[in-house]
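One structure is given here, and the rest of the page talks about it.
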Amino acid sequence: MDRPLRLVQAAPPVTQLARVIEALLVVASQPLSVEELAAAAADDAARVEEALQLVAARFAEGESGIVLEHVAGGYAFRASRDAAEACGRLFERPVERGLSQAALETLAIVAYLGPCSRPDIARVRGVAADSVVANLVERGLLAEAGRSDDAGAIEYRTTPLFERIFGLGSLAELPRLDDLGGDAAEIRKRLEQIAASRGA
Amino acid sequence: MDRPLRLVQAAPPVTQLARVIEALLVVASQPLSVEELAAAAADDAARVEEALQLVAARFAEGESGIVLEHVAGGYAFRASRDAAEACGRLFERPVERGLSQAALETLAIVAYLGPCSRPDIARVRGVAADSVVANLVERGLLAEAGRSDDAGAIEYRTTPLFERIFGLGSLAELPRLDDLGGDAAEIRKRLEQIAASRGA
Amino acid sequence: MLAREFVLDLDAFEGPFDLLLSLVLRDELELVDIDLVEVVVAFVERLAERDEIDLEDCGEFLVLISSLLELKARGLFPDEADELAELEPEEAAEELARRLAEYRRMKAAAAWLTDRLAAEGDRFFRLGPAPLAPRPERKLAPQAPALLAEALRALAIPPKAVSLRHMELRFPPVSQFLDRFRSVLARRRRFDFDTEVAGLPRVDQAVAFLALLELRKAGEVELEQGAPFAPIRVSRLDLSLEDDAAATAPAAVAAQEGTTWTARSA
């Protein structure tokens, strides 16, 4: 009874906490607040603030290519200013020459067959269209066009950017496909049947 | 006239190039190859390799919370392994470990046999591959790679994310197939033994 | 009965084998989604838990699982029936061995990936863009509208039948042999299985044997074998026939009880 039991483990040094914070920040896709960092590190906010000072010193402008930045939502890493030119080159994408087969098929379906939902496109292609459609929406080549009457699925249409890139005054200028069917409904039906016969 | 004009600017020191590389890697969304780094930094590949050594030394496991790794054909930062627990509290693992047996076999088939269609996979596994392939595409581990020449079926390949999650520098780091599993001649012999023991 | 009641825990199905069968027969479950190897493994595991092996159970299971395999093979490779006959037994054995080796290698590769995933599970990295990275703008060169028409026309080309004959096994339906044996038994009271199937390819012989087990299960025939690998004698079970009553009676009783396995295979 003379000596009290030591139940509390000594906290790890702040340098170690600083490393954990570096790790968290390099994985994060958004700035992290002191509270978020403390919760993840299972440590207290005051010590996190202390550790952040160490991180800030290690990752300071002029010292390092990685720089710790305090922004509205918390802390995040950014590229140093003297690497701005190199970063500009990295993110400046070369003009893409062409589209993937999946993208081309999807655009052709929507352009020729009229507004289509993702299940519609999947039926014609014979494979799920979710990621291709998301990608084309992000690139501004497809846009949402309300919900279909029956199933309530979101339908997509081609955009003015699509027409510009394909050099079309309007969708009416698309090359004719009379060999495939009289109208869009007929073509769609035919393609769906072939996709089904193609199987898995 | 005594002193020649200095027209050639001395290349900046490699330490400076190392900082630029750090900056590029901290903002990049994917691993960057030496060529990509060299193009962005407007420097030559040999010097980039040299600078990467400096970056690797600064961001080594055990030394830093941020670690440089060679993965999926390029270089990328990740969190140090000793921060895994903290990371696990804040982030989801890129792919939860619960990949099903079916998913792992499908990944193995595509990784080893190269672009494969769903029927190709079904033929090897003896089970329809549709739902498992759709799931792996959704998780970003497989991606479409065009249509096959003969049957027009969509073919799939593994993604850089697959290599990253499995910690592979490239697909070439997979163990040789010859070293895995059975050999056809040996299996054939066993089949013959079984057939012979049944009597004719 | 073990063969029908043992419980399965598969990716696509959880429950007794019996239920799996009825769901498949009612088209409520896609056979192509079921890993039949798992079913066999589960059955063998249950079997191993028992002290003695019940041949009745094994026979029934064999018939059921082979029927499922046949259905599944046809489901996976629907258009191959005509090409199947072309494969020589020698080639078939070669091909089977090749495919089993390939599948085993893929299983091993999957096991390697599993270990790898466990070892690399503590590597965290960022997915998606960095918080303070510039947003790249993707620019696309002008495209020819003809590409769109081509893409749609390509989708309208009916798929060529893929030749799978290099990897198929000849696999006649069990029903073919059921019909054949029944018609033989309509003419003759007994026949010798080995003589009846002599000259057939081995796979056919195997399917014929399954048909035999099916007939035995239905109580239509009695099977006898004097010693291991001795010829199997097949006798019609039919009480209405008066002749040779002494030989028929005990077999008929066995069929009614439905429990005794009369093939004396030592």
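The way I read the labels, and the way they are meant: chains A, B, ... in the order of the structure tokens, residue 1 as the first residue of every chain, and ligand 1 as the first ligand shown, with later ones counted on from there.
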Long-range neighbours of A:Ile165 as a PyMOL selection string, 12 Å cut-off, only C-alpha atoms, 2 positions minimum in chain: (chain A and resi 96-99+107+139-141+158-163+167-170) or (chain C and resi 139-145)
Residues of chain C within 7 Å of chain A, only C-alpha atoms counted, as a ChimeraX atom specification: /C:124-126,128-133,136-146,148-149,151-152,155-156,158-159
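For the residues B:Ala145, B:Val132, B:Val20, B:Ala46, ranking by smallest atom-to-atom distance to chain A using only C-alpha atoms places B:Val20 first.
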Alpha helix (DSSP H) residues, from DSSP on the backbone, in chain B, as a ChimeraX atom specification: /B:14-27,34-41,45-58,84-90,101-113,118-125,130-138,160-165,184-198
Separation of atom CA of A:Val133 from atom CA of B:Asp130 in Å: 19.3 Å
Minimum-distance residue to chain A, chosen among B:Ala60, B:Ile66, B:Leu52, B:Ala38 (using only C-alpha atoms):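 Looking at the shortest contact to chain A, the residue is B:Ile66.
Residues lying within 9 Å of A:Pro119, counting only C-alpha atoms and ignoring same-chain neighbours fewer than 2 positions away, are Cys116, Ser117, Ile121, Ala122, Arg123, Val124, Ala128, Ala129, Asp130 and Ala153 of chain A.
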Contact residues around B:Ala42 with only C-alpha atoms at 12 Å, ignoring same-chain residues under 5 positions, as a PyMOL selection string: (chain A and resi 83+85-90) or (chain B and resi 11-12+17+20-21+34-37+47-48)
Resulting file, chosen residues, all heavy atoms, as a compact mmCIF listing (two decimals), in the first residue's frame:
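Writing done, so here's result-v9.txt:
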```txt
# COMPACT_ATOMS: atom_id res chain seq x y z
N ALA A 83 7.63 24.20 -56.56
CA ALA A 83 7.33 23.06 -57.45
C ALA A 83 6.07 23.35 -58.28
O ALA A 83 5.56 22.47 -58.96
CB ALA A 83 7.14 21.78 -56.64
N GLU A 85 5.46 24.97 -60.96
CA GLU A 85 5.55 24.78 -62.41
C GLU A 85 5.47 23.29 -62.76
O GLU A 85 4.75 22.89 -63.67
CB GLU A 85 6.89 25.33 -62.89
CG GLU A 85 6.84 26.03 -64.23
CD GLU A 85 8.21 26.60 -64.56
OE1 GLU A 85 8.74 27.39 -63.73
OE2 GLU A 85 8.76 26.23 -65.60
N ALA A 86 6.22 22.47 -62.00
CA ALA A 86 6.22 21.03 -62.24
C ALA A 86 4.81 20.45 -62.00
O ALA A 86 4.34 19.62 -62.78
CB ALA A 86 7.23 20.34 -61.32
N CYS A 87 4.13 20.92 -60.96
CA CYS A 87 2.77 20.44 -60.69
C CYS A 87 1.84 20.83 -61.82
O CYS A 87 0.96 20.04 -62.22
CB CYS A 87 2.24 21.01 -59.37
SG CYS A 87 3.02 20.27 -57.94
N GLY A 88 2.02 22.02 -62.32
CA GLY A 88 1.20 22.47 -63.46
C GLY A 88 1.36 21.51 -64.63
O GLY A 88 0.37 21.11 -65.25
N ARG A 89 2.60 21.10 -64.90
CA ARG A 89 2.84 20.17 -66.02
C ARG A 89 2.22 18.80 -65.74
O ARG A 89 1.71 18.14 -66.63
CB ARG A 89 4.34 20.02 -66.27
CG ARG A 89 4.93 21.15 -67.12
CD ARG A 89 6.34 20.81 -67.57
NE ARG A 89 7.27 20.85 -66.46
CZ ARG A 89 8.00 21.93 -66.13
NH1 ARG A 89 7.91 23.03 -66.84
NH2 ARG A 89 8.81 21.89 -65.10
N LEU A 90 2.26 18.40 -64.45
CA LEU A 90 1.70 17.09 -64.11
C LEU A 90 0.19 17.04 -64.35
O LEU A 90 -0.34 16.05 -64.81
CB LEU A 90 2.00 16.77 -62.63
CG LEU A 90 1.49 15.41 -62.13
CD1 LEU A 90 2.26 14.29 -62.78
CD2 LEU A 90 1.62 15.32 -60.61
N ALA B 11 22.89 22.71 -63.86
CA ALA B 11 21.64 22.07 -63.45
C ALA B 11 21.47 22.29 -61.95
O ALA B 11 22.45 22.33 -61.21
CB ALA B 11 21.70 20.58 -63.74
N PRO B 12 20.22 22.46 -61.50
CA PRO B 12 20.03 22.65 -60.06
C PRO B 12 20.46 21.40 -59.33
O PRO B 12 20.44 20.30 -59.90
CB PRO B 12 18.53 22.89 -59.94
CG PRO B 12 17.91 22.33 -61.17
CD PRO B 12 18.95 22.40 -62.23
N LEU B 17 15.81 18.90 -56.92
CA LEU B 17 14.95 18.02 -57.72
C LEU B 17 14.17 17.07 -56.80
O LEU B 17 12.98 16.79 -57.03
CB LEU B 17 15.81 17.21 -58.70
CG LEU B 17 15.08 16.22 -59.60
CD1 LEU B 17 13.99 16.90 -60.43
CD2 LEU B 17 16.07 15.51 -60.52
N VAL B 20 11.15 18.75 -55.55
CA VAL B 20 10.09 18.83 -56.57
C VAL B 20 9.36 17.49 -56.66
O VAL B 20 8.13 17.44 -56.76
CB VAL B 20 10.70 19.23 -57.94
CG1 VAL B 20 9.66 19.07 -59.05
CG2 VAL B 20 11.22 20.65 -57.89
N ILE B 21 10.14 16.43 -56.58
CA ILE B 21 9.52 15.09 -56.65
C ILE B 21 8.60 14.85 -55.45
O ILE B 21 7.49 14.34 -55.60
CB ILE B 21 10.62 14.01 -56.75
CG1 ILE B 21 11.27 14.10 -58.14
CG2 ILE B 21 10.06 12.62 -56.51
CD1 ILE B 21 12.49 13.24 -58.32
N VAL B 34 8.98 6.94 -63.31
CA VAL B 34 10.16 7.80 -63.45
C VAL B 34 9.97 8.74 -64.65
O VAL B 34 10.29 9.93 -64.58
CB VAL B 34 11.44 6.94 -63.63
CG1 VAL B 34 12.63 7.81 -64.01
CG2 VAL B 34 11.73 6.17 -62.35
N GLU B 35 9.42 8.21 -65.73
CA GLU B 35 9.22 9.03 -66.93
C GLU B 35 8.24 10.17 -66.66
O GLU B 35 8.45 11.30 -67.08
CB GLU B 35 8.69 8.17 -68.09
CG GLU B 35 9.67 7.14 -68.62
CD GLU B 35 9.94 6.00 -67.64
OE1 GLU B 35 8.99 5.60 -66.91
OE2 GLU B 35 11.09 5.53 -67.56
N GLU B 36 7.15 9.84 -65.97
CA GLU B 36 6.17 10.89 -65.66
C GLU B 36 6.78 11.96 -64.76
O GLU B 36 6.54 13.16 -64.95
CB GLU B 36 4.93 10.27 -64.98
CG GLU B 36 4.06 9.47 -65.95
CD GLU B 36 3.00 8.62 -65.23
OE1 GLU B 36 3.31 7.98 -64.20
OE2 GLU B 36 1.87 8.62 -65.72
N LEU B 37 7.57 11.51 -63.78
CA LEU B 37 8.22 12.47 -62.89
C LEU B 37 9.20 13.34 -63.67
O LEU B 37 9.25 14.57 -63.49
CB LEU B 37 8.96 11.72 -61.77
CG LEU B 37 8.08 11.10 -60.69
CD1 LEU B 37 8.88 10.14 -59.82
CD2 LEU B 37 7.45 12.19 -59.81
N ARG B 47 18.68 11.56 -63.48
CA ARG B 47 18.72 12.44 -62.30
C ARG B 47 17.49 12.22 -61.41
O ARG B 47 17.57 12.31 -60.18
CB ARG B 47 18.82 13.90 -62.73
CG ARG B 47 20.30 14.33 -62.93
CD ARG B 47 20.44 15.72 -63.50
NE ARG B 47 19.51 16.70 -62.96
CZ ARG B 47 19.77 17.49 -61.90
NH1 ARG B 47 20.93 17.40 -61.27
NH2 ARG B 47 18.88 18.36 -61.50
N VAL B 48 16.36 11.92 -62.03
CA VAL B 48 15.16 11.64 -61.23
C VAL B 48 15.39 10.39 -60.37
O VAL B 48 15.05 10.37 -59.18
CB VAL B 48 13.92 11.45 -62.14
CG1 VAL B 48 12.75 10.84 -61.38
CG2 VAL B 48 13.50 12.79 -62.75
```
Among listed residues A:Ala196, A:Leu171, A:Ala72, A:Ala151, nearest chain B (using only C-alpha atoms): A:Ala196
Selection: 9 Å around C:Glu38, only C-alpha atoms, excl. self and same-chain fewer than 3 positions, as a ChimeraX atom specification: /C:8-10,34-35,41-43
Backbone DSSP call of strand (DSSP E or B) for stretch 1-193 of chain B, listed as a PyMOL selection string: chain B and resi 32+61+64+66-71+74-79+116-117+142-147+154-158
Would you write out those residues with N, CA, C and O atoms, as a JSON list (two decimals), in the first residue's frame?
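Result file again.json:
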```
[["chain", "number", "residue", "atom", "x", "y", "z"],
["B", 32, "LEU", "N", 3.44, 7.57, -59.73],
["B", 32, "LEU", "CA", 4.03, 8.21, -60.91],
["B", 32, "LEU", "C", 5.30, 7.47, -61.31],
["B", 32, "LEU", "O", 6.14, 7.16, -60.46],
["B", 61, "GLU", "N", 10.40, 3.70, -44.04],
["B", 61, "GLU", "CA", 9.63, 3.06, -42.97],
["B", 61, "GLU", "C", 10.45, 3.10, -41.69],
["B", 61, "GLU", "O", 11.64, 2.79, -41.68],
["B", 64, "SER", "N", 9.77, 7.86, -40.72],
["B", 64, "SER", "CA", 8.83, 8.92, -41.07],
["B", 64, "SER", "C", 7.42, 8.33, -41.10],
["B", 64, "SER", "O", 7.23, 7.14, -41.30],
["B", 66, "ILE", "N", 5.28, 9.31, -43.32],
["B", 66, "ILE", "CA", 5.04, 9.20, -44.75],
["B", 66, "ILE", "C", 6.13, 8.30, -45.32],
["B", 66, "ILE", "O", 7.30, 8.49, -45.02],
["B", 67, "VAL", "N", 5.74, 7.30, -46.12],
["B", 67, "VAL", "CA", 6.71, 6.34, -46.65],
["B", 67, "VAL", "C", 6.63, 6.31, -48.17],
["B", 67, "VAL", "O", 5.54, 6.29, -48.74],
["B", 68, "LEU", "N", 7.80, 6.34, -48.82],
["B", 68, "LEU", "CA", 7.84, 6.23, -50.28],
["B", 68, "LEU", "C", 7.84, 4.76, -50.65],
["B", 68, "LEU", "O", 8.58, 3.96, -50.08],
["B", 69, "GLU", "N", 6.96, 4.37, -51.59],
["B", 69, "GLU", "CA", 6.99, 2.98, -52.05],
["B", 69, "GLU", "C", 6.99, 2.91, -53.57],
["B", 69, "GLU", "O", 6.51, 3.81, -54.25],
["B", 70, "HIS", "N", 7.58, 1.83, -54.06],
["B", 70, "HIS", "CA", 7.56, 1.55, -55.49],
["B", 70, "HIS", "C", 6.43, 0.57, -55.72],
["B", 70, "HIS", "O", 6.48, -0.55, -55.22],
["B", 71, "VAL", "N", 5.41, 0.97, -56.44],
["B", 71, "VAL", "CA", 4.23, 0.14, -56.57],
["B", 71, "VAL", "C", 3.51, 0.46, -57.88],
["B", 71, "VAL", "O", 3.57, 1.59, -58.37],
["B", 74, "GLY", "N", 5.18, 2.54, -60.51],
["B", 74, "GLY", "CA", 5.61, 3.91, -60.22],
["B", 74, "GLY", "C", 5.94, 4.11, -58.76],
["B", 74, "GLY", "O", 6.12, 3.14, -58.01],
["B", 75, "TYR", "N", 6.03, 5.38, -58.37],
["B", 75, "TYR", "CA", 6.34, 5.71, -56.99],
["B", 75, "TYR", "C", 5.15, 6.44, -56.38],
["B", 75, "TYR", "O", 4.47, 7.20, -57.06],
["B", 76, "ALA", "N", 4.92, 6.18, -55.09],
["B", 76, "ALA", "CA", 3.81, 6.83, -54.41],
["B", 76, "ALA", "C", 4.10, 6.90, -52.92],
["B", 76, "ALA", "O", 4.90, 6.12, -52.40],
["B", 77, "PHE", "N", 3.46, 7.86, -52.26],
["B", 77, "PHE", "CA", 3.54, 7.91, -50.81],
["B", 77, "PHE", "C", 2.41, 7.10, -50.20],
["B", 77, "PHE", "O", 1.31, 7.03, -50.75],
["B", 78, "ARG", "N", 2.68, 6.52, -49.06],
["B", 78, "ARG", "CA", 1.63, 5.89, -48.26],
["B", 78, "ARG", "C", 1.92, 6.16, -46.79],
["B", 78, "ARG", "O", 2.96, 6.74, -46.46],
["B", 79, "ALA", "N", 0.99, 5.75, -45.93],
["B", 79, "ALA", "CA", 1.21, 5.90, -44.50],
["B", 79, "ALA", "C", 2.18, 4.82, -44.02],
["B", 79, "ALA", "O", 2.21, 3.72, -44.58],
["B", 116, "CYS", "N", -9.25, -10.95, -70.21],
["B", 116, "CYS", "CA", -10.13, -12.12, -70.22],
["B", 116, "CYS", "C", -11.57, -11.64, -70.27],
["B", 116, "CYS", "O", -11.92, -10.66, -69.63],
["B", 117, "SER", "N", -12.42, -12.39, -70.97],
["B", 117, "SER", "CA", -13.84, -12.08, -70.96],
["B", 117, "SER", "C", -14.50, -12.88, -69.84],
["B", 117, "SER", "O", -13.88, -13.78, -69.26],
["B", 142, "LEU", "N", -10.87, -4.42, -61.36],
["B", 142, "LEU", "CA", -10.86, -4.83, -62.77],
["B", 142, "LEU", "C", -11.41, -3.67, -63.58],
["B", 142, "LEU", "O", -12.21, -2.88, -63.08],
["B", 143, "ALA", "N", -10.97, -3.58, -64.85],
["B", 143, "ALA", "CA", -11.50, -2.55, -65.74],
["B", 143, "ALA", "C", -11.69, -3.16, -67.12],
["B", 143, "ALA", "O", -11.03, -4.14, -67.47],
["B", 144, "GLU", "N", -12.59, -2.58, -67.87],
["B", 144, "GLU", "CA", -12.80, -3.06, -69.23],
["B", 144, "GLU", "C", -11.56, -2.80, -70.07],
["B", 144, "GLU", "O", -10.90, -1.78, -69.91],
["B", 145, "ALA", "N", -11.28, -3.73, -70.98],
["B", 145, "ALA", "CA", -10.11, -3.57, -71.86],
["B", 145, "ALA", "C", -10.51, -3.87, -73.29],
["B", 145, "ALA", "O", -9.87, -4.66, -73.97],
["B", 146, "GLY", "N", -11.62, -3.31, -73.73],
["B", 146, "GLY", "CA", -12.07, -3.53, -75.10],
["B", 146, "GLY", "C", -12.83, -4.82, -75.28],
["B", 146, "GLY", "O", -13.11, -5.52, -74.30],
["B", 147, "ARG", "N", -13.16, -5.13, -76.53],
["B", 147, "ARG", "CA", -13.91, -6.36, -76.82],
["B", 147, "ARG", "C", -13.00, -7.35, -77.52],
["B", 147, "ARG", "O", -12.11, -6.97, -78.27],
["B", 154, "ILE", "N", -16.81, -8.50, -73.90],
["B", 154, "ILE", "CA", -15.97, -7.50, -73.25],
["B", 154, "ILE", "C", -14.86, -8.20, -72.48],
["B", 154, "ILE", "O", -15.12, -9.17, -71.77],
["B", 155, "GLU", "N", -13.64, -7.72, -72.65],
["B", 155, "GLU", "CA", -12.52, -8.29, -71.90],
["B", 155, "GLU", "C", -12.15, -7.37, -70.74],
["B", 155, "GLU", "O", -12.39, -6.17, -70.79],
["B", 156, "TYR", "N", -11.58, -7.96, -69.71],
["B", 156, "TYR", "CA", -11.21, -7.22, -68.51],
["B", 156, "TYR", "C", -9.73, -7.39, -68.21],
["B", 156, "TYR", "O", -9.15, -8.41, -68.54],
["B", 157, "ARG", "N", -9.16, -6.36, -67.57],
["B", 157, "ARG", "CA", -7.78, -6.45, -67.11],
["B", 157, "ARG", "C", -7.75, -5.98, -65.66],
["B", 157, "ARG", "O", -8.70, -5.34, -65.20],
["B", 158, "THR", "N", -6.67, -6.27, -64.97],
["B", 158, "THR", "CA", -6.54, -5.74, -63.61],
["B", 158, "THR", "C", -6.10, -4.29, -63.70],
["B", 158, "THR", "O", -5.53, -3.85, -64.69]]
```
Selection: 10 Å around C:Gln176, only C-alpha atoms, excl. self and same-chain fewer than 3 positions, as an NGL selection string: :C and (172-173 or 179-181 or 207-208 or 211)
Selection near stretch 192-196 of chain C, 12 Å with only C-alpha atoms, sequence-local residues under 3 positions removed, as a PyMOL selection string: (chain B and resi 199-200) or (chain C and resi 177+180-181+184-185+188-189+199-200+202+204-206+208-213+221-225+229-236)
For atom CA of B:Pro13 and atom CA of B:Ala51, the interatomic separation in Å (one decimal): 9.4 Å
